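S.K.: Quick one: the structure is below, and I'll ask about it shortly.
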Amino acid sequence: MTHSTNTDQENCIFCKIVAGEIAASKVYEDDETIAFLDIQPVNPGHTLVIPKDHFENIYTTPVMTWMRVQMTAQKVALAVKHATDADGVNIYMNNEAAAGQVVPHTHVHIIPRYNDDNLTLWHGTAYKDPEEMESFADKISTELKTEN
Ligand code: AMP
Ligand code: ZN
């Protein structure tokens, strides 16, 4: 399966971190994943977990690799919470520019949160009516039935 071109990987800042070509504050490493501090943290201790291999986003990351990223994210989440004395932790991921992805190498954000950090997440808006909600559920479940 082709996930990306060599050019993508050569220009990829996270591949360079994996290769040790640029510095990072690494907090964890195993055979498939690494975790390091985000240079522009939402709160100090904000950590990124990535697969060592280059995949652009969640769609193209093989499921076993994704599983390993999640295993590392679970470990790191608790370590970040304890180390930063956080009241909670957000785990999130941006996929594609429209969702705010800037670095096109699969990564999960682990962000320590505090009761009083005043960071507001986006707010939900109710569906127009139950039929509209049901139509989205139908469309998504139909997609899931046709996905291979
Ligand atoms: P995203 O918007 O999900 O693509 O997030 C990319 C994240 O990578 C941002 O939060 C950046 O601050 C972070 N970042 C970019 N370059 C580096 C780097 N060299 N070392 C650590 N974090 C980085
Ligand atoms: Zn990469």
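Chain labels A, B, ... are given in the sequence in which chains occur in the structure tokens; within each chain residues are numbered consecutively from 1, and ligands are likewise numbered from 1 in the order shown.
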Can you write out as a tab-separated table which residues of chain A fall within 9 Å of ligand 1, alongside each residue's closest atom pair and its distance in Å to one decimal, counting only C-alpha atoms and all ligand atoms and ordering rows by chain and ascending residue number?
M.R.:
residue	atom	partner	partner_atom_place_in_ligand_line	distance
A:Ile13	CA	ligand 1	19 (N)	6.2
A:Phe14	CA	ligand 1	19 (N)	7.0
A:Lys16	CA	ligand 1	19 (N)	8.7
A:Ile17	CA	ligand 1	19 (N)	7.3
A:Ile22	CA	ligand 1	19 (N)	7.3
A:Ala23	CA	ligand 1	19 (N)	7.3
A:Ala24	CA	ligand 1	20 (N)	5.6
A:Ser25	CA	ligand 1	21 (C)	7.7
A:Phe36	CA	ligand 1	21 (C)	6.8
A:Leu37	CA	ligand 1	21 (C)	5.8
A:Asp38	CA	ligand 1	22 (N)	3.7
A:Ile39	CA	ligand 1	22 (N)	4.3
A:Gln40	CA	ligand 1	12 (O)	4.1
A:Pro41	CA	ligand 1	12 (O)	6.5
A:Val42	CA	ligand 1	10 (O)	7.9
A:His46	CA	ligand 1	10 (O)	8.6
A:Thr47	CA	ligand 1	22 (N)	8.3
A:Leu48	CA	ligand 1	22 (N)	7.3
A:Tyr92	CA	ligand 1	3 (O)	8.3
A:Met93	CA	ligand 1	3 (O)	6.0
A:Asn94	CA	ligand 1	3 (O)	4.7
A:Asn95	CA	ligand 1	3 (O)	7.4
A:Glu96	CA	ligand 1	4 (O)	8.4
A:Ala97	CA	ligand 1	4 (O)	8.2
A:Ala99	CA	ligand 1	2 (O)	8.3
A:Gly100	CA	ligand 1	2 (O)	5.1
A:Gln101	CA	ligand 1	4 (O)	3.6
A:Val102	CA	ligand 1	4 (O)	3.5
A:Val103	CA	ligand 1	4 (O)	3.9
A:Pro104	CA	ligand 1	4 (O)	6.4
A:His105	CA	ligand 1	4 (O)	7.8
A:Thr106	CA	ligand 1	4 (O)	8.3
A:His107	CA	ligand 1	3 (O)	6.8
A:Val108	CA	ligand 1	3 (O)	7.4
A:His109	CA	ligand 1	3 (O)	7.2
S.K.: Residues within 12 Å of ligand 2 (only C-alpha atoms and all ligand atoms), as a VMD selection string?
M.R.: chain A and resid 3 to 19 50 to 57 61 103 to 107
S.K.: How would the residues just chosen look if you wrote them out with C-alpha atoms as a PDB file, in the first residue's frame?
M.R.:
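The file below, part_34.pdb, is the result:
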ATOM      1  CA  HIS A   3       0.780   5.946   1.880  1.00  0.00           C
ATOM      2  CA  SER A   4       2.976   8.782   0.729  1.00  0.00           C
ATOM      3  CA  THR A   5       5.802   9.639  -1.588  1.00  0.00           C
ATOM      4  CA  ASN A   6       9.442   9.787  -0.549  1.00  0.00           C
ATOM      5  CA  THR A   7       9.279  13.526  -1.086  1.00  0.00           C
ATOM      6  CA  ASP A   8       6.538  13.817   1.554  1.00  0.00           C
ATOM      7  CA  GLN A   9       8.709  11.992   4.040  1.00  0.00           C
ATOM      8  CA  GLU A  10      11.884  13.899   3.188  1.00  0.00           C
ATOM      9  CA  ASN A  11      10.134  17.184   3.909  1.00  0.00           C
ATOM     10  CA  CYS A  12       8.289  15.956   6.968  1.00  0.00           C
ATOM     11  CA  ILE A  13       9.301  17.627  10.218  1.00  0.00           C
ATOM     12  CA  PHE A  14       8.068  14.705  12.334  1.00  0.00           C
ATOM     13  CA  CYS A  15      10.007  12.180  10.204  1.00  0.00           C
ATOM     14  CA  LYS A  16      13.069  14.347  10.870  1.00  0.00           C
ATOM     15  CA  ILE A  17      12.376  14.125  14.608  1.00  0.00           C
ATOM     16  CA  VAL A  18      12.075  10.328  14.335  1.00  0.00           C
ATOM     17  CA  ALA A  19      15.379  10.222  12.423  1.00  0.00           C
ATOM     18  CA  ILE A  50       3.230   9.744  16.530  1.00  0.00           C
ATOM     19  CA  PRO A  51       3.959   6.538  14.634  1.00  0.00           C
ATOM     20  CA  LYS A  52       7.604   6.319  13.547  1.00  0.00           C
ATOM     21  CA  ASP A  53       6.512   5.509  10.005  1.00  0.00           C
ATOM     22  CA  HIS A  54       5.131   8.309   7.880  1.00  0.00           C
ATOM     23  CA  PHE A  55       1.366   8.225   7.343  1.00  0.00           C
ATOM     24  CA  GLU A  56      -0.472  11.395   6.583  1.00  0.00           C
ATOM     25  CA  ASN A  57      -3.570  11.048   8.733  1.00  0.00           C
ATOM     26  CA  THR A  61      -2.613   4.793   9.040  1.00  0.00           C
ATOM     27  CA  VAL A 103       1.803  18.742  10.055  1.00  0.00           C
ATOM     28  CA  PRO A 104       0.827  15.961   7.624  1.00  0.00           C
ATOM     29  CA  HIS A 105       2.209  13.092   9.727  1.00  0.00           C
ATOM     30  CA  THR A 106      -0.333  11.254  11.919  1.00  0.00           C
ATOM     31  CA  HIS A 107      -0.209  12.621  15.471  1.00  0.00           C
TER      32      HIS A 107
END
S.K.: What separation in Å, quoted to one decimal, exists between CA of Asn90 in chain A and CA of Asn115 in chain A?
M.R.: 12.5 Å
S.K.: As a list in words, which residues of range 31-93 of chain A does DSSP assign to helix (DSSP H, G or I)?
M.R.: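 These are the residues in question: Val63, Met64, Thr65, Trp66, Met67, Arg68, Val69, Gln70, Met71, Thr72, Ala73, Gln74, Lys75, Val76, Ala77, Leu78, Ala79, Val80, Lys81, His82, Ala83 and Thr84 of chain A.
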S.K.: Would you export the selected residues with N, CA, C and O atoms as a PDB file, in the first residue's frame, please?
M.R.:
ATOM      1  N   VAL A  63      -4.261  -0.097  10.671  1.00  0.00           N
ATOM      2  CA  VAL A  63      -4.954  -0.247  11.951  1.00  0.00           C
ATOM      3  C   VAL A  63      -4.016  -0.709  13.071  1.00  0.00           C
ATOM      4  O   VAL A  63      -4.141  -0.255  14.216  1.00  0.00           O
ATOM      5  N   MET A  64      -3.050  -1.565  12.749  1.00  0.00           N
ATOM      6  CA  MET A  64      -2.152  -2.039  13.811  1.00  0.00           C
ATOM      7  C   MET A  64      -1.227  -0.914  14.281  1.00  0.00           C
ATOM      8  O   MET A  64      -0.874  -0.847  15.459  1.00  0.00           O
ATOM      9  N   THR A  65      -0.866  -0.049  13.357  1.00  0.00           N
ATOM     10  CA  THR A  65      -0.033   1.107  13.729  1.00  0.00           C
ATOM     11  C   THR A  65      -0.854   2.069  14.581  1.00  0.00           C
ATOM     12  O   THR A  65      -0.387   2.590  15.603  1.00  0.00           O
ATOM     13  N   TRP A  66      -2.094   2.279  14.159  1.00  0.00           N
ATOM     14  CA  TRP A  66      -2.995   3.152  14.914  1.00  0.00           C
ATOM     15  C   TRP A  66      -3.197   2.616  16.330  1.00  0.00           C
ATOM     16  O   TRP A  66      -3.210   3.372  17.309  1.00  0.00           O
ATOM     17  N   MET A  67      -3.321   1.313  16.434  1.00  0.00           N
ATOM     18  CA  MET A  67      -3.491   0.693  17.756  1.00  0.00           C
ATOM     19  C   MET A  67      -2.276   0.976  18.641  1.00  0.00           C
ATOM     20  O   MET A  67      -2.416   1.307  19.816  1.00  0.00           O
ATOM     21  N   ARG A  68      -1.105   0.897  18.045  1.00  0.00           N
ATOM     22  CA  ARG A  68       0.116   1.166  18.819  1.00  0.00           C
ATOM     23  C   ARG A  68       0.174   2.642  19.240  1.00  0.00           C
ATOM     24  O   ARG A  68       0.604   2.964  20.349  1.00  0.00           O
ATOM     25  N   VAL A  69      -0.265   3.530  18.366  1.00  0.00           N
ATOM     26  CA  VAL A  69      -0.305   4.959  18.731  1.00  0.00           C
ATOM     27  C   VAL A  69      -1.251   5.149  19.919  1.00  0.00           C
ATOM     28  O   VAL A  69      -0.947   5.878  20.872  1.00  0.00           O
ATOM     29  N   GLN A  70      -2.380   4.464  19.874  1.00  0.00           N
ATOM     30  CA  GLN A  70      -3.354   4.593  20.977  1.00  0.00           C
ATOM     31  C   GLN A  70      -2.826   4.008  22.279  1.00  0.00           C
ATOM     32  O   GLN A  70      -3.092   4.528  23.364  1.00  0.00           O
ATOM     33  N   MET A  71      -2.081   2.903  22.163  1.00  0.00           N
ATOM     34  CA  MET A  71      -1.487   2.311  23.375  1.00  0.00           C
ATOM     35  C   MET A  71      -0.509   3.295  24.007  1.00  0.00           C
ATOM     36  O   MET A  71      -0.484   3.481  25.226  1.00  0.00           O
ATOM     37  N   THR A  72       0.286   3.932  23.157  1.00  0.00           N
ATOM     38  CA  THR A  72       1.241   4.928  23.678  1.00  0.00           C
ATOM     39  C   THR A  72       0.484   6.133  24.233  1.00  0.00           C
ATOM     40  O   THR A  72       0.830   6.645  25.310  1.00  0.00           O
ATOM     41  N   ALA A  73      -0.574   6.548  23.528  1.00  0.00           N
ATOM     42  CA  ALA A  73      -1.338   7.718  23.997  1.00  0.00           C
ATOM     43  C   ALA A  73      -1.936   7.447  25.382  1.00  0.00           C
ATOM     44  O   ALA A  73      -1.947   8.334  26.243  1.00  0.00           O
ATOM     45  N   GLN A  74      -2.397   6.234  25.608  1.00  0.00           N
ATOM     46  CA  GLN A  74      -2.992   5.917  26.911  1.00  0.00           C
ATOM     47  C   GLN A  74      -1.946   6.017  28.032  1.00  0.00           C
ATOM     48  O   GLN A  74      -2.183   6.608  29.079  1.00  0.00           O
ATOM     49  N   LYS A  75      -0.764   5.441  27.755  1.00  0.00           N
ATOM     50  CA  LYS A  75       0.340   5.512  28.731  1.00  0.00           C
ATOM     51  C   LYS A  75       0.731   6.960  29.003  1.00  0.00           C
ATOM     52  O   LYS A  75       0.869   7.387  30.145  1.00  0.00           O
ATOM     53  N   VAL A  76       0.925   7.691  27.913  1.00  0.00           N
ATOM     54  CA  VAL A  76       1.415   9.064  28.026  1.00  0.00           C
ATOM     55  C   VAL A  76       0.374   9.960  28.701  1.00  0.00           C
ATOM     56  O   VAL A  76       0.731  10.852  29.487  1.00  0.00           O
ATOM     57  N   ALA A  77      -0.906   9.712  28.441  1.00  0.00           N
ATOM     58  CA  ALA A  77      -1.963  10.546  29.032  1.00  0.00           C
ATOM     59  C   ALA A  77      -1.857  10.549  30.559  1.00  0.00           C
ATOM     60  O   ALA A  77      -1.919  11.603  31.203  1.00  0.00           O
ATOM     61  N   LEU A  78      -1.674   9.375  31.124  1.00  0.00           N
ATOM     62  CA  LEU A  78      -1.608   9.284  32.581  1.00  0.00           C
ATOM     63  C   LEU A  78      -0.317   9.918  33.102  1.00  0.00           C
ATOM     64  O   LEU A  78      -0.322  10.620  34.124  1.00  0.00           O
ATOM     65  N   ALA A  79       0.786   9.690  32.364  1.00  0.00           N
ATOM     66  CA  ALA A  79       2.069  10.282  32.774  1.00  0.00           C
ATOM     67  C   ALA A  79       1.999  11.805  32.728  1.00  0.00           C
ATOM     68  O   ALA A  79       2.472  12.498  33.638  1.00  0.00           O
ATOM     69  N   VAL A  80       1.383  12.341  31.666  1.00  0.00           N
ATOM     70  CA  VAL A  80       1.253  13.802  31.539  1.00  0.00           C
ATOM     71  C   VAL A  80       0.382  14.335  32.682  1.00  0.00           C
ATOM     72  O   VAL A  80       0.717  15.328  33.321  1.00  0.00           O
ATOM     73  N   LYS A  81      -0.715  13.673  32.933  1.00  0.00           N
ATOM     74  CA  LYS A  81      -1.617  14.128  34.015  1.00  0.00           C
ATOM     75  C   LYS A  81      -0.871  14.192  35.347  1.00  0.00           C
ATOM     76  O   LYS A  81      -0.921  15.189  36.052  1.00  0.00           O
ATOM     77  N   HIS A  82      -0.138  13.126  35.656  1.00  0.00           N
ATOM     78  CA  HIS A  82       0.579  13.091  36.933  1.00  0.00           C
ATOM     79  C   HIS A  82       1.704  14.114  36.960  1.00  0.00           C
ATOM     80  O   HIS A  82       1.881  14.841  37.937  1.00  0.00           O
ATOM     81  N   ALA A  83       2.476  14.171  35.866  1.00  0.00           N
ATOM     82  CA  ALA A  83       3.655  15.039  35.851  1.00  0.00           C
ATOM     83  C   ALA A  83       3.283  16.517  35.891  1.00  0.00           C
ATOM     84  O   ALA A  83       4.055  17.344  36.385  1.00  0.00           O
ATOM     85  N   THR A  84       2.117  16.862  35.356  1.00  0.00           N
ATOM     86  CA  THR A  84       1.731  18.269  35.286  1.00  0.00           C
ATOM     87  C   THR A  84       0.702  18.616  36.364  1.00  0.00           C
ATOM     88  O   THR A  84       0.248  19.757  36.438  1.00  0.00           O
TER      89      THR A  84
END
S.K.: Apply DSSP to the backbone of this structure and, from chain A, keep only the residues in strand (DSSP E); write these as a list in words.
M.R.: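 Selecting the strand (DSSP E) positions of chain A gives Lys26, Val27, Tyr28, Glu29, Thr33, Ile34, Ala35, Phe36, Leu37, Thr47, Leu48, Val49, Ile50, Pro51, Gly88, Val89, Asn90, Ile91, Tyr92, Val108, His109, Ile110, Ile111, Pro112 and Arg113 of chain A.
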